[in-house]
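Containing mmCIF, C-alpha atoms: final13.cif.
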data_entry
loop_
_atom_site.group_PDB
_atom_site.id
_atom_site.type_symbol
_atom_site.label_atom_id
_atom_site.label_comp_id
_atom_site.auth_asym_id
_atom_site.auth_seq_id
_atom_site.Cartn_x
_atom_site.Cartn_y
_atom_site.Cartn_z
ATOM 1 C CA MET K 1 12.237 36.742 41.999
ATOM 2 C CA THR K 2 13.392 35.454 45.373
ATOM 3 C CA THR K 3 15.760 37.691 47.292
ATOM 4 C CA ALA K 4 18.818 36.340 49.046
ATOM 5 C CA SER K 5 17.148 36.755 52.417
ATOM 6 C CA SER K 6 13.921 34.919 51.510
ATOM 7 C CA ARG K 7 15.224 32.179 49.294
ATOM 8 C CA PRO K 8 14.800 28.485 50.091
ATOM 9 C CA THR K 9 17.558 26.687 51.928
ATOM 10 C CA THR K 10 20.716 26.305 49.909
ATOM 11 C CA ALA K 11 22.523 24.084 52.381
ATOM 12 C CA GLY K 12 23.807 20.815 50.982
ATOM 13 C CA GLN K 13 21.109 18.160 50.904
ATOM 14 C CA PRO K 14 22.409 14.718 51.900
ATOM 15 C CA ASP K 15 20.288 12.901 49.316
ATOM 16 C CA CYS K 16 21.068 15.230 46.406
ATOM 17 C CA PRO K 17 23.619 13.830 43.922
ATOM 18 C CA LEU K 18 24.598 17.356 42.873
ATOM 19 C CA CYS K 19 25.263 18.770 46.374
ATOM 20 C CA ASP K 20 28.641 19.113 48.062
ATOM 21 C CA LYS K 21 30.163 16.229 46.188
ATOM 22 C CA GLN K 22 33.211 15.941 44.020
ATOM 23 C CA LEU K 23 31.546 15.760 40.615
ATOM 24 C CA GLU K 24 33.351 13.546 38.159
ATOM 25 C CA ASN K 25 34.242 15.054 34.811
ATOM 26 C CA THR K 26 34.457 18.600 36.159
ATOM 27 C CA LEU K 27 36.017 20.910 33.559
ATOM 28 C CA TRP K 28 35.616 24.275 35.289
ATOM 29 C CA GLU K 29 34.424 25.474 38.655
ATOM 30 C CA SER K 30 33.856 28.629 40.645
ATOM 31 C CA PRO K 31 32.337 29.267 44.075
ATOM 32 C CA GLN K 32 28.932 29.466 42.330
ATOM 33 C CA LEU K 33 28.887 26.661 39.798
ATOM 34 C CA ARG K 34 30.584 23.764 38.061
ATOM 35 C CA ILE K 35 30.769 22.788 34.397
ATOM 36 C CA ILE K 36 30.989 19.061 33.710
ATOM 37 C CA HIS K 37 31.094 16.977 30.563
ATOM 38 C CA VAL K 38 28.754 14.056 30.099
ATOM 39 C CA PRO K 39 30.546 10.814 29.245
ATOM 40 C CA ASP K 40 28.946 7.659 27.920
ATOM 41 C CA THR K 41 26.297 9.411 25.891
ATOM 42 C CA PRO K 42 25.605 9.153 22.169
ATOM 43 C CA PHE K 43 25.162 12.960 22.231
ATOM 44 C CA ILE K 44 28.777 13.902 21.740
ATOM 45 C CA GLY K 45 29.951 17.199 23.172
ATOM 46 C CA TYR K 46 27.156 17.215 25.804
ATOM 47 C CA VAL K 47 27.983 19.538 28.730
ATOM 48 C CA ARG K 48 26.127 20.335 31.973
ATOM 49 C CA LEU K 49 26.386 23.420 34.157
ATOM 50 C CA VAL K 50 25.510 22.736 37.801
ATOM 51 C CA TRP K 51 24.697 25.544 40.234
ATOM 52 C CA ARG K 52 26.532 24.857 43.476
ATOM 53 C CA ALA K 53 23.797 25.833 45.981
ATOM 54 C CA HIS K 54 20.782 23.578 46.328
ATOM 55 C CA VAL K 55 17.965 25.547 44.718
ATOM 56 C CA ALA K 56 15.272 24.016 42.547
ATOM 57 C CA GLU K 57 14.401 26.754 40.099
ATOM 58 C CA MET K 58 16.118 29.552 38.178
ATOM 59 C CA SER K 59 13.654 32.000 39.749
ATOM 60 C CA ASP K 60 15.115 31.063 43.157
ATOM 61 C CA LEU K 61 18.304 32.841 42.053
ATOM 62 C CA SER K 62 18.853 36.601 42.139
ATOM 63 C CA ALA K 63 18.981 38.455 38.816
ATOM 64 C CA PRO K 64 22.812 38.755 38.954
ATOM 65 C CA GLU K 65 23.095 35.020 39.720
ATOM 66 C CA GLN K 66 20.797 34.202 36.791
ATOM 67 C CA GLN K 67 22.945 36.383 34.537
ATOM 68 C CA THR K 68 26.195 34.769 35.705
ATOM 69 C CA LEU K 69 24.833 31.290 35.040
ATOM 70 C CA MET K 70 23.199 32.059 31.676
ATOM 71 C CA HIS K 71 26.252 33.957 30.453
ATOM 72 C CA LEU K 72 28.288 30.793 31.050
ATOM 73 C CA VAL K 73 25.633 28.589 29.429
ATOM 74 C CA PHE K 74 25.828 30.692 26.280
ATOM 75 C CA GLN K 75 29.642 30.787 26.405
ATOM 76 C CA VAL K 76 29.641 26.981 26.406
ATOM 77 C CA GLU K 77 27.131 27.011 23.529
ATOM 78 C CA ALA K 78 29.390 29.379 21.553
ATOM 79 C CA LEU K 79 32.416 27.108 22.123
ATOM 80 C CA GLN K 80 30.446 24.038 21.022
ATOM 81 C CA ARG K 81 29.429 25.841 17.821
ATOM 82 C CA GLN K 82 32.936 27.096 17.162
ATOM 83 C CA LEU K 83 34.718 23.794 17.783
ATOM 84 C CA LEU K 84 32.185 21.110 16.825
ATOM 85 C CA HIS K 85 30.068 22.794 14.125
ATOM 86 C CA PRO K 86 26.816 21.032 15.066
ATOM 87 C CA ASP K 87 23.572 21.589 13.153
ATOM 88 C CA LYS K 88 21.822 22.975 16.270
ATOM 89 C CA ILE K 89 22.306 23.541 19.984
ATOM 90 C CA ASN K 90 19.710 22.464 22.542
ATOM 91 C CA VAL K 91 19.657 24.159 25.950
ATOM 92 C CA ALA K 92 17.414 23.012 28.804
ATOM 93 C CA SER K 93 16.921 23.184 32.560
ATOM 94 C CA LEU K 94 14.490 20.436 33.594
ATOM 95 C CA GLY K 95 15.397 18.992 37.013
ATOM 96 C CA ASN K 96 12.444 16.635 37.308
ATOM 97 C CA GLN K 97 14.688 13.816 38.509
ATOM 98 C CA VAL K 98 17.093 15.999 40.525
ATOM 99 C CA ALA K 99 15.542 19.317 41.573
ATOM 100 C CA HIS K 100 18.857 21.161 41.890
ATOM 101 C CA VAL K 101 19.429 23.775 39.184
ATOM 102 C CA HIS K 102 21.507 22.417 36.301
ATOM 103 C CA TRP K 103 21.573 23.157 32.585
ATOM 104 C CA HIS K 104 21.978 20.734 29.694
ATOM 105 C CA VAL K 105 23.857 22.172 26.704
ATOM 106 C CA ILE K 106 23.704 19.663 23.877
ATOM 107 C CA PRO K 107 25.124 19.890 20.346
ATOM 108 C CA ARG K 108 22.759 18.266 17.867
ATOM 109 C CA TRP K 109 23.311 16.842 14.382
ATOM 110 C CA ARG K 110 20.714 15.888 11.813
ATOM 111 C CA THR K 111 22.152 12.375 11.906
ATOM 112 C CA ASP K 112 22.091 11.920 15.698
ATOM 113 C CA PRO K 113 19.850 9.286 17.325
ATOM 114 C CA CYS K 114 16.841 11.527 17.983
ATOM 115 C CA PHE K 115 16.992 14.549 15.657
ATOM 116 C CA PRO K 116 14.750 16.516 15.093
ATOM 117 C CA ASP K 117 13.143 15.394 18.340
ATOM 118 C CA ALA K 118 14.519 16.262 21.778
ATOM 119 C CA ILE K 119 17.170 13.892 23.118
ATOM 120 C CA TRP K 120 14.604 12.695 25.662
ATOM 121 C CA ALA K 121 12.389 11.305 22.902
ATOM 122 C CA PRO K 122 12.832 7.683 21.782
ATOM 123 C CA SER K 123 15.731 7.001 19.429
ATOM 124 C CA LYS K 124 14.676 6.396 15.838
ATOM 125 C CA GLN K 125 18.074 5.137 14.670
ATOM 126 C CA THR K 126 18.261 2.122 12.440
ATOM 127 C CA PRO K 127 21.337 -0.149 12.802
ATOM 128 C CA GLU K 128 22.806 1.455 9.644
ATOM 129 C CA HIS K 129 22.340 4.953 11.026
ATOM 130 C CA GLN K 130 23.821 3.829 14.326
ATOM 131 C CA ALA K 131 27.029 2.645 12.635
ATOM 132 C CA ALA K 132 27.348 5.874 10.646
ATOM 133 C CA TRP K 133 26.713 7.932 13.785
ATOM 134 C CA GLN K 134 29.402 5.991 15.672
ATOM 135 C CA SER K 135 31.927 6.777 12.909
ATOM 136 C CA HIS K 136 30.922 10.450 13.087
ATOM 137 C CA THR K 137 31.386 10.632 16.851
ATOM 138 C CA ASP K 138 34.704 8.766 16.675
ATOM 139 C CA ALA K 139 35.962 11.330 14.153
ATOM 140 C CA LEU K 140 34.801 14.188 16.398
ATOM 141 C CA GLN K 141 36.742 13.039 19.488
ATOM 142 C CA PRO K 142 39.766 15.316 18.929
ATOM 143 C CA ARG K 143 37.451 18.318 18.620
ATOM 144 C CA VAL K 144 35.626 17.291 21.798
ATOM 145 C CA HIS K 145 38.969 17.256 23.617
ATOM 146 C CA ALA K 146 39.581 20.752 22.236
ATOM 147 C CA LEU K 147 36.132 21.795 23.527
ATOM 148 C CA HIS K 148 36.915 20.499 27.008
ATOM 149 C CA GLU K 149 40.250 22.314 26.975
ATOM 150 C CA ALA K 150 38.549 25.543 25.846
ATOM 151 C CA ILE K 151 36.011 25.239 28.687
ATOM 152 C CA ARG K 152 38.876 24.749 31.177
ATOM 153 C CA GLN K 153 40.285 28.051 29.894
ATOM 154 C CA ILE K 154 37.103 30.135 30.356
ATOM 155 C CA PRO K 155 38.243 33.197 32.349
ATOM 156 C CA HIS K 156 36.985 33.418 35.929
ATOM 157 C CA MET N 1 29.204 35.929 20.976
ATOM 158 C CA THR N 2 28.089 37.382 17.662
ATOM 159 C CA THR N 3 28.089 41.159 17.439
ATOM 160 C CA ALA N 4 25.250 43.080 15.854
ATOM 161 C CA SER N 5 27.358 43.810 12.798
ATOM 162 C CA SER N 6 28.446 40.213 12.184
ATOM 163 C CA ARG N 7 25.309 38.340 13.097
ATOM 164 C CA PRO N 8 23.456 36.112 10.645
ATOM 165 C CA THR N 9 20.560 37.555 8.695
ATOM 166 C CA THR N 10 17.601 38.443 10.854
ATOM 167 C CA ALA N 11 15.259 39.343 8.028
ATOM 168 C CA GLY N 12 11.943 37.502 7.992
ATOM 169 C CA GLN N 13 12.240 34.084 6.376
ATOM 170 C CA PRO N 14 9.236 33.238 4.199
ATOM 171 C CA ASP N 15 9.209 29.585 5.239
ATOM 172 C CA CYS N 16 9.594 30.220 8.971
ATOM 173 C CA PRO N 17 6.348 29.871 10.956
ATOM 174 C CA LEU N 18 7.701 32.218 13.653
ATOM 175 C CA CYS N 19 8.746 35.092 11.345
ATOM 176 C CA ASP N 20 6.748 38.248 10.676
ATOM 177 C CA LYS N 21 3.415 36.593 11.252
ATOM 178 C CA GLN N 22 0.570 37.400 13.564
ATOM 179 C CA LEU N 23 1.077 34.676 16.164
ATOM 180 C CA GLU N 24 -2.113 33.344 17.623
ATOM 181 C CA ASN N 25 -2.394 33.346 21.387
ATOM 182 C CA THR N 26 -0.042 36.280 21.853
ATOM 183 C CA LEU N 27 -0.174 37.526 25.444
ATOM 184 C CA TRP N 28 2.589 40.148 25.381
ATOM 185 C CA GLU N 29 4.847 41.650 22.762
ATOM 186 C CA SER N 30 7.645 44.139 22.342
ATOM 187 C CA PRO N 31 9.812 45.105 19.361
ATOM 188 C CA GLN N 32 12.161 42.254 20.366
ATOM 189 C CA LEU N 33 9.939 39.341 21.304
ATOM 190 C CA ARG N 34 6.514 37.862 21.817
ATOM 191 C CA ILE N 35 5.084 35.715 24.616
ATOM 192 C CA ILE N 36 2.400 33.237 23.581
ATOM 193 C CA HIS N 37 0.425 30.600 25.390
ATOM 194 C CA VAL N 38 0.200 27.075 24.072
ATOM 195 C CA PRO N 39 -3.372 25.836 23.673
ATOM 196 C CA ASP N 40 -4.466 22.256 23.122
ATOM 197 C CA THR N 41 -1.708 20.722 25.209
ATOM 198 C CA PRO N 42 -2.026 18.439 28.216
ATOM 199 C CA PHE N 43 0.766 20.524 29.786
ATOM 200 C CA ILE N 44 -1.421 23.207 31.292
ATOM 201 C CA GLY N 45 0.077 26.661 31.745
ATOM 202 C CA TYR N 46 2.663 26.054 28.968
ATOM 203 C CA VAL N 47 4.058 29.350 27.594
ATOM 204 C CA ARG N 48 6.542 30.122 24.803
ATOM 205 C CA LEU N 49 8.715 33.188 24.320
ATOM 206 C CA VAL N 50 9.572 33.843 20.673
ATOM 207 C CA TRP N 51 12.421 36.151 19.665
ATOM 208 C CA ARG N 52 11.196 38.367 16.842
ATOM 209 C CA ALA N 53 14.302 38.340 14.605
ATOM 210 C CA HIS N 54 15.163 35.163 12.733
ATOM 211 C CA VAL N 55 18.245 33.848 14.540
ATOM 212 C CA ALA N 56 18.879 30.195 15.267
ATOM 213 C CA GLU N 57 20.855 30.218 18.490
ATOM 214 C CA MET N 58 21.031 32.195 21.717
ATOM 215 C CA SER N 59 24.719 32.847 21.029
ATOM 216 C CA ASP N 60 23.626 34.726 17.882
ATOM 217 C CA LEU N 61 22.210 37.382 20.235
ATOM 218 C CA SER N 62 24.221 40.103 21.950
ATOM 219 C CA ALA N 63 24.717 39.834 25.722
ATOM 220 C CA PRO N 64 22.085 42.541 26.416
ATOM 221 C CA GLU N 65 19.614 40.748 24.114
ATOM 222 C CA GLN N 66 20.280 37.454 25.891
ATOM 223 C CA GLN N 67 19.673 39.168 29.233
ATOM 224 C CA THR N 68 16.433 40.770 28.070
ATOM 225 C CA LEU N 69 15.095 37.445 26.839
ATOM 226 C CA MET N 70 16.199 35.358 29.829
ATOM 227 C CA HIS N 71 14.926 37.942 32.307
ATOM 228 C CA LEU N 72 11.478 37.559 30.724
ATOM 229 C CA VAL N 73 11.757 33.763 30.655
ATOM 230 C CA PHE N 74 12.392 33.772 34.394
ATOM 231 C CA GLN N 75 9.642 36.340 35.009
ATOM 232 C CA VAL N 76 7.198 33.974 33.284
ATOM 233 C CA GLU N 77 8.562 31.088 35.361
ATOM 234 C CA ALA N 78 8.052 33.102 38.569
ATOM 235 C CA LEU N 79 4.449 33.902 37.592
ATOM 236 C CA GLN N 80 3.740 30.239 36.809
ATOM 237 C CA ARG N 81 5.083 29.255 40.230
ATOM 238 C CA GLN N 82 3.153 31.988 42.004
ATOM 239 C CA LEU N 83 -0.188 31.377 40.281
ATOM 240 C CA LEU N 84 -0.196 27.655 39.453
ATOM 241 C CA HIS N 85 1.986 26.107 42.194
ATOM 242 C CA PRO N 86 3.436 23.365 39.994
ATOM 243 C CA ASP N 87 5.867 20.761 41.340
ATOM 244 C CA LYS N 88 8.614 21.899 38.942
ATOM 245 C CA ILE N 89 9.291 24.230 36.034
ATOM 246 C CA ASN N 90 10.989 23.046 32.840
ATOM 247 C CA VAL N 91 12.732 25.602 30.626
ATOM 248 C CA ALA N 92 14.173 24.747 27.212
ATOM 249 C CA SER N 93 15.324 26.233 23.922
ATOM 250 C CA LEU N 94 15.549 23.445 21.334
ATOM 251 C CA GLY N 95 14.558 24.662 17.862
ATOM 252 C CA ASN N 96 15.295 21.442 16.013
ATOM 253 C CA GLN N 97 12.030 21.682 14.093
ATOM 254 C CA VAL N 98 11.991 25.485 13.748
ATOM 255 C CA ALA N 99 15.473 27.030 14.031
ATOM 256 C CA HIS N 100 14.239 30.437 15.201
ATOM 257 C CA VAL N 101 15.022 31.202 18.842
ATOM 258 C CA HIS N 102 12.097 30.403 21.119
ATOM 259 C CA TRP N 103 11.837 29.220 24.724
ATOM 260 C CA HIS N 104 9.476 26.672 26.220
ATOM 261 C CA VAL N 105 8.461 27.414 29.827
ATOM 262 C CA ILE N 106 6.455 24.482 31.132
ATOM 263 C CA PRO N 107 4.911 23.947 34.560
ATOM 264 C CA ARG N 108 5.172 20.317 35.586
ATOM 265 C CA TRP N 109 3.223 18.214 38.082
ATOM 266 C CA ARG N 110 4.087 14.783 39.424
ATOM 267 C CA THR N 111 0.770 13.569 38.019
ATOM 268 C CA ASP N 112 1.213 14.971 34.487
ATOM 269 C CA PRO N 113 1.465 12.627 31.471
ATOM 270 C CA CYS N 114 5.268 12.389 31.380
ATOM 271 C CA PHE N 115 6.682 13.294 34.813
ATOM 272 C CA PRO N 116 9.503 12.835 35.795
ATOM 273 C CA ASP N 117 10.570 12.569 32.162
ATOM 274 C CA ALA N 118 10.732 15.530 29.785
ATOM 275 C CA ILE N 119 7.462 16.381 28.019
ATOM 276 C CA TRP N 120 9.061 15.125 24.790
ATOM 277 C CA ALA N 121 9.323 11.597 26.191
ATOM 278 C CA PRO N 122 6.464 9.134 25.623
ATOM 279 C CA SER N 123 3.447 9.527 27.886
ATOM 280 C CA LYS N 124 3.178 6.858 30.554
ATOM 281 C CA GLN N 125 -0.343 7.735 31.609
ATOM 282 C CA THR N 126 -2.841 4.990 32.232
ATOM 283 C CA PRO N 127 -6.516 5.703 31.444
ATOM 284 C CA GLU N 128 -7.144 6.215 35.200
ATOM 285 C CA HIS N 129 -4.306 8.708 35.475
ATOM 286 C CA GLN N 130 -5.541 10.467 32.359
ATOM 287 C CA ALA N 131 -8.992 11.019 33.870
ATOM 288 C CA ALA N 132 -7.497 12.326 37.127
ATOM 289 C CA TRP N 133 -5.151 14.619 35.176
ATOM 290 C CA GLN N 134 -8.058 15.987 33.163
ATOM 291 C CA SER N 135 -9.908 16.859 36.376
ATOM 292 C CA HIS N 136 -6.777 18.556 37.695
ATOM 293 C CA THR N 137 -6.329 20.661 34.570
ATOM 294 C CA ASP N 138 -10.032 21.574 34.489
ATOM 295 C CA ALA N 139 -9.764 22.825 38.058
ATOM 296 C CA LEU N 140 -6.660 24.859 37.191
ATOM 297 C CA GLN N 141 -8.291 26.786 34.328
ATOM 298 C CA PRO N 142 -9.167 29.890 36.383
ATOM 299 C CA ARG N 143 -5.568 30.103 37.591
ATOM 300 C CA VAL N 144 -4.323 29.747 34.014
ATOM 301 C CA HIS N 145 -6.487 32.692 33.008
ATOM 302 C CA ALA N 146 -4.943 34.625 35.920
ATOM 303 C CA LEU N 147 -1.480 33.632 34.631
ATOM 304 C CA HIS N 148 -2.287 34.920 31.143
ATOM 305 C CA GLU N 149 -3.598 38.161 32.587
ATOM 306 C CA ALA N 150 -0.461 38.550 34.735
ATOM 307 C CA ILE N 151 1.745 38.021 31.661
ATOM 308 C CA ARG N 152 -0.256 40.683 29.783
ATOM 309 C CA GLN N 153 0.577 43.055 32.654
ATOM 310 C CA ILE N 154 4.378 42.505 32.603
ATOM 311 C CA PRO N 155 5.841 46.029 32.447
ATOM 312 C CA HIS N 156 7.551 46.992 29.214
#
Produce structure tokens that represent the structure in this file.
Amino acid sequence: MTTASSRPTTAGQPDCPLCDKQLENTLWESPQLRIIHVPDTPFIGYVRLVWRAHVAEMSDLSAPEQQTLMHLVFQVEALQRQLLHPDKINVASLGNQVAHVHWHVIPRWRTDPCFPDAIWAPSKQTPEHQAAWQSHTDALQPRVHALHEAIRQIPH
Amino acid sequence: MTTASSRPTTAGQPDCPLCDKQLENTLWESPQLRIIHVPDTPFIGYVRLVWRAHVAEMSDLSAPEQQTLMHLVFQVEALQRQLLHPDKINVASLGNQVAHVHWHVIPRWRTDPCFPDAIWAPSKQTPEHQAAWQSHTDALQPRVHALHEAIRQIPH
């Protein structure tokens, strides 16, 4: 655990796409973090939580900061389950491309492009599956709007 | 959040490979969870934390249970950083193949088979890279043993 006094710099990094910028698709924000939805993805309902300070790893945060962030991650997960009824939720903090703490919270369906593999695995969809999946995601759009509205209403 | 009284069944499921079985490679255990190391993987230092009760999602756990589990996840991450000095840590709870809560905590290096992609993406290693990576992992073995010993010593 890194203490506040010994932690790496958290100042905005000019080259970091997650630092000090207006993030598009922001649904909720606090002085510590932002929750954004991911557009233009086949993984409908996909949400990211982005820690505001520039730290690379969860163990760079204090225990209370970790708890604040994870509590929100699991609140988002609970809302996705309640409103979208997916077959599974996937939760991950990778940051290999952008080493600034952010969490992926991804509803999964047995019929999605990669299930049961991770979304980072190659798609195994046939054209027929792709058409059926598109119909499924089109039908889910009203519930995704309800999810976004519910995230906007998370108490601060 | 599911309360203890309303949560899904947590009884051992006969078909679940993570339920009620002696897990090989167990480094640490408590009445709530087990920490195991992952052998036979190119991703050296890879550790999993397995919740003991059969629940599918983190939001099936109470807030104190979530905190207990995540605190240990980030303790393992901190030990991996301290003892192995990887370039990044990846943390994920997927469970698409086995819907019983477990966390992957994976040290990553820029020279590993998949970096900067997730470990579930296809390997992009050339034969030359593969040989260099093998030398790197061979050299790391003593530090991996130190990591396993440090995990065994995590206070209960």
Check: Within 8 Å of chain K, which residues of chain N show up when using only C-alpha atoms, listed as an MDAnalysis selection string?
Finding: chainID N and resid 1 56:59 63 67 70:71 74:75 77:78 88:97 99 115:118 120:122
After a least-squares superposition on chain K using every in-order C-alpha pair, I'd like chain N written out as a compact mmCIF listing (two decimals) with C-alpha atoms, in the coordinates of the input.
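Saved as out26.txt:
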# COMPACT_ATOMS: atom_id res chain seq x y z
CA MET N 1 12.28 36.78 42.00
CA THR N 2 13.45 35.46 45.35
CA THR N 3 15.83 37.70 47.25
CA ALA N 4 18.90 36.35 49.00
CA SER N 5 17.25 36.77 52.38
CA SER N 6 14.02 34.97 51.48
CA ARG N 7 15.31 32.21 49.28
CA PRO N 8 14.82 28.53 50.08
CA THR N 9 17.56 26.68 51.92
CA THR N 10 20.72 26.30 49.90
CA ALA N 11 22.53 24.08 52.36
CA GLY N 12 23.81 20.79 50.97
CA GLN N 13 21.11 18.14 50.89
CA PRO N 14 22.41 14.70 51.87
CA ASP N 15 20.27 12.89 49.30
CA CYS N 16 21.06 15.22 46.40
CA PRO N 17 23.61 13.81 43.92
CA LEU N 18 24.60 17.35 42.87
CA CYS N 19 25.25 18.76 46.37
CA ASP N 20 28.65 19.13 48.03
CA LYS N 21 30.17 16.22 46.18
CA GLN N 22 33.22 15.94 44.01
CA LEU N 23 31.56 15.75 40.60
CA GLU N 24 33.34 13.54 38.15
CA ASN N 25 34.23 15.06 34.81
CA THR N 26 34.45 18.59 36.15
CA LEU N 27 35.99 20.90 33.56
CA TRP N 28 35.61 24.27 35.29
CA GLU N 29 34.42 25.47 38.66
CA SER N 30 33.86 28.62 40.65
CA PRO N 31 32.33 29.26 44.08
CA GLN N 32 28.93 29.46 42.34
CA LEU N 33 28.88 26.65 39.80
CA ARG N 34 30.57 23.77 38.07
CA ILE N 35 30.76 22.79 34.40
CA ILE N 36 30.98 19.06 33.71
CA HIS N 37 31.09 16.98 30.58
CA VAL N 38 28.75 14.06 30.10
CA PRO N 39 30.54 10.81 29.25
CA ASP N 40 28.96 7.65 27.92
CA THR N 41 26.29 9.41 25.89
CA PRO N 42 25.61 9.15 22.18
CA PHE N 43 25.15 12.95 22.25
CA ILE N 44 28.77 13.88 21.75
CA GLY N 45 29.96 17.19 23.18
CA TYR N 46 27.14 17.22 25.80
CA VAL N 47 27.97 19.53 28.74
CA ARG N 48 26.12 20.35 31.97
CA LEU N 49 26.38 23.42 34.17
CA VAL N 50 25.51 22.73 37.81
CA TRP N 51 24.69 25.54 40.24
CA ARG N 52 26.52 24.84 43.49
CA ALA N 53 23.78 25.81 45.99
CA HIS N 54 20.76 23.56 46.34
CA VAL N 55 17.95 25.54 44.72
CA ALA N 56 15.26 24.01 42.55
CA GLU N 57 14.38 26.75 40.09
CA MET N 58 16.10 29.55 38.20
CA SER N 59 13.65 32.01 39.76
CA ASP N 60 15.10 31.05 43.16
CA LEU N 61 18.29 32.85 42.05
CA SER N 62 18.85 36.60 42.14
CA ALA N 63 18.98 38.45 38.81
CA PRO N 64 22.81 38.75 38.96
CA GLU N 65 23.08 35.01 39.72
CA GLN N 66 20.79 34.20 36.79
CA GLN N 67 22.94 36.38 34.54
CA THR N 68 26.18 34.77 35.70
CA LEU N 69 24.82 31.30 35.03
CA MET N 70 23.19 32.06 31.67
CA HIS N 71 26.24 33.96 30.45
CA LEU N 72 28.28 30.80 31.04
CA VAL N 73 25.62 28.60 29.44
CA PHE N 74 25.83 30.70 26.29
CA GLN N 75 29.64 30.80 26.42
CA VAL N 76 29.63 26.98 26.42
CA GLU N 77 27.13 27.01 23.54
CA ALA N 78 29.38 29.38 21.56
CA LEU N 79 32.40 27.12 22.13
CA GLN N 80 30.43 24.04 21.03
CA ARG N 81 29.42 25.84 17.84
CA GLN N 82 32.93 27.09 17.18
CA LEU N 83 34.72 23.79 17.81
CA LEU N 84 32.18 21.11 16.85
CA HIS N 85 30.05 22.79 14.14
CA PRO N 86 26.82 21.03 15.09
CA ASP N 87 23.57 21.59 13.17
CA LYS N 88 21.83 22.98 16.27
CA ILE N 89 22.30 23.54 19.99
CA ASN N 90 19.70 22.46 22.55
CA VAL N 91 19.65 24.16 25.95
CA ALA N 92 17.41 23.01 28.80
CA SER N 93 16.92 23.19 32.56
CA LEU N 94 14.49 20.44 33.60
CA GLY N 95 15.39 18.98 37.01
CA ASN N 96 12.44 16.63 37.30
CA GLN N 97 14.68 13.81 38.50
CA VAL N 98 17.09 15.99 40.51
CA ALA N 99 15.54 19.31 41.59
CA HIS N 100 18.86 21.15 41.88
CA VAL N 101 19.42 23.77 39.19
CA HIS N 102 21.50 22.43 36.31
CA TRP N 103 21.58 23.16 32.58
CA HIS N 104 21.97 20.74 29.70
CA VAL N 105 23.85 22.17 26.70
CA ILE N 106 23.69 19.66 23.88
CA PRO N 107 25.12 19.88 20.36
CA ARG N 108 22.77 18.27 17.87
CA TRP N 109 23.32 16.84 14.39
CA ARG N 110 20.72 15.88 11.82
CA THR N 111 22.15 12.36 11.91
CA ASP N 112 22.09 11.92 15.71
CA PRO N 113 19.85 9.27 17.33
CA CYS N 114 16.85 11.53 17.98
CA PHE N 115 17.00 14.54 15.64
CA PRO N 116 14.78 16.52 15.08
CA ASP N 117 13.16 15.40 18.33
CA ALA N 118 14.51 16.26 21.77
CA ILE N 119 17.18 13.89 23.12
CA TRP N 120 14.60 12.68 25.66
CA ALA N 121 12.39 11.30 22.88
CA PRO N 122 12.84 7.68 21.76
CA SER N 123 15.74 7.01 19.42
CA LYS N 124 14.71 6.39 15.83
CA GLN N 125 18.08 5.14 14.67
CA THR N 126 18.29 2.12 12.44
CA PRO N 127 21.35 -0.16 12.79
CA GLU N 128 22.82 1.45 9.63
CA HIS N 129 22.36 4.94 11.03
CA GLN N 130 23.85 3.83 14.32
CA ALA N 131 27.04 2.64 12.63
CA ALA N 132 27.35 5.88 10.65
CA TRP N 133 26.73 7.92 13.81
CA GLN N 134 29.41 5.99 15.66
CA SER N 135 31.93 6.79 12.92
CA HIS N 136 30.92 10.45 13.09
CA THR N 137 31.38 10.63 16.86
CA ASP N 138 34.71 8.78 16.68
CA ALA N 139 35.96 11.34 14.17
CA LEU N 140 34.79 14.20 16.40
CA GLN N 141 36.73 13.05 19.48
CA PRO N 142 39.75 15.34 18.93
CA ARG N 143 37.42 18.33 18.62
CA VAL N 144 35.62 17.29 21.81
CA HIS N 145 38.95 17.27 23.63
CA ALA N 146 39.56 20.77 22.24
CA LEU N 147 36.11 21.80 23.53
CA HIS N 148 36.91 20.51 27.02
CA GLU N 149 40.23 22.32 26.99
CA ALA N 150 38.53 25.55 25.85
CA ILE N 151 36.00 25.25 28.69
CA ARG N 152 38.86 24.76 31.18
CA GLN N 153 40.28 28.06 29.89
CA ILE N 154 37.09 30.14 30.36
CA PRO N 155 38.23 33.19 32.35
CA HIS N 156 37.00 33.43 35.92
Note to self: What would the selection look like, as a PyMOL selection string, if the PyMOL selection byres ((chain K and resi 123-137) around 7) were run on the coordinates I just shared?
What the structure shows: chain K and resi 44+111-114+121-122+138-141
Item checked: Gap from atom CA of N:Thr41 to atom CA of N:Pro17 - Å, one decimal ->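 About the pair atom CA of N:Thr41 and atom CA of N:Pro17: they are 18.8 Å apart.
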Notebook entry, point to check: From the set N:Lys21, N:Arg48, N:His148, N:His100, which residue has the shortest atom-to-atom contact distance to N:Leu84, counting all atoms listed in the file?
Noted result: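 Closest residue, counting all atoms listed in the file: N:His148.
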Checklist line | Pick from K:Gly45, K:His37, K:Cys16, K:His102 nearest to K:Gln82, counting all atoms listed in the file | finding: K:Gly45
Item checked: Between atom CA of N:Leu69 and atom CA of N:Leu83 - distance in Å to one decimal -> 21.2 Å
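Of note, atom CA of K:Gln32 and atom CA of K:Arg52 are spaced 5.3 Å apart.
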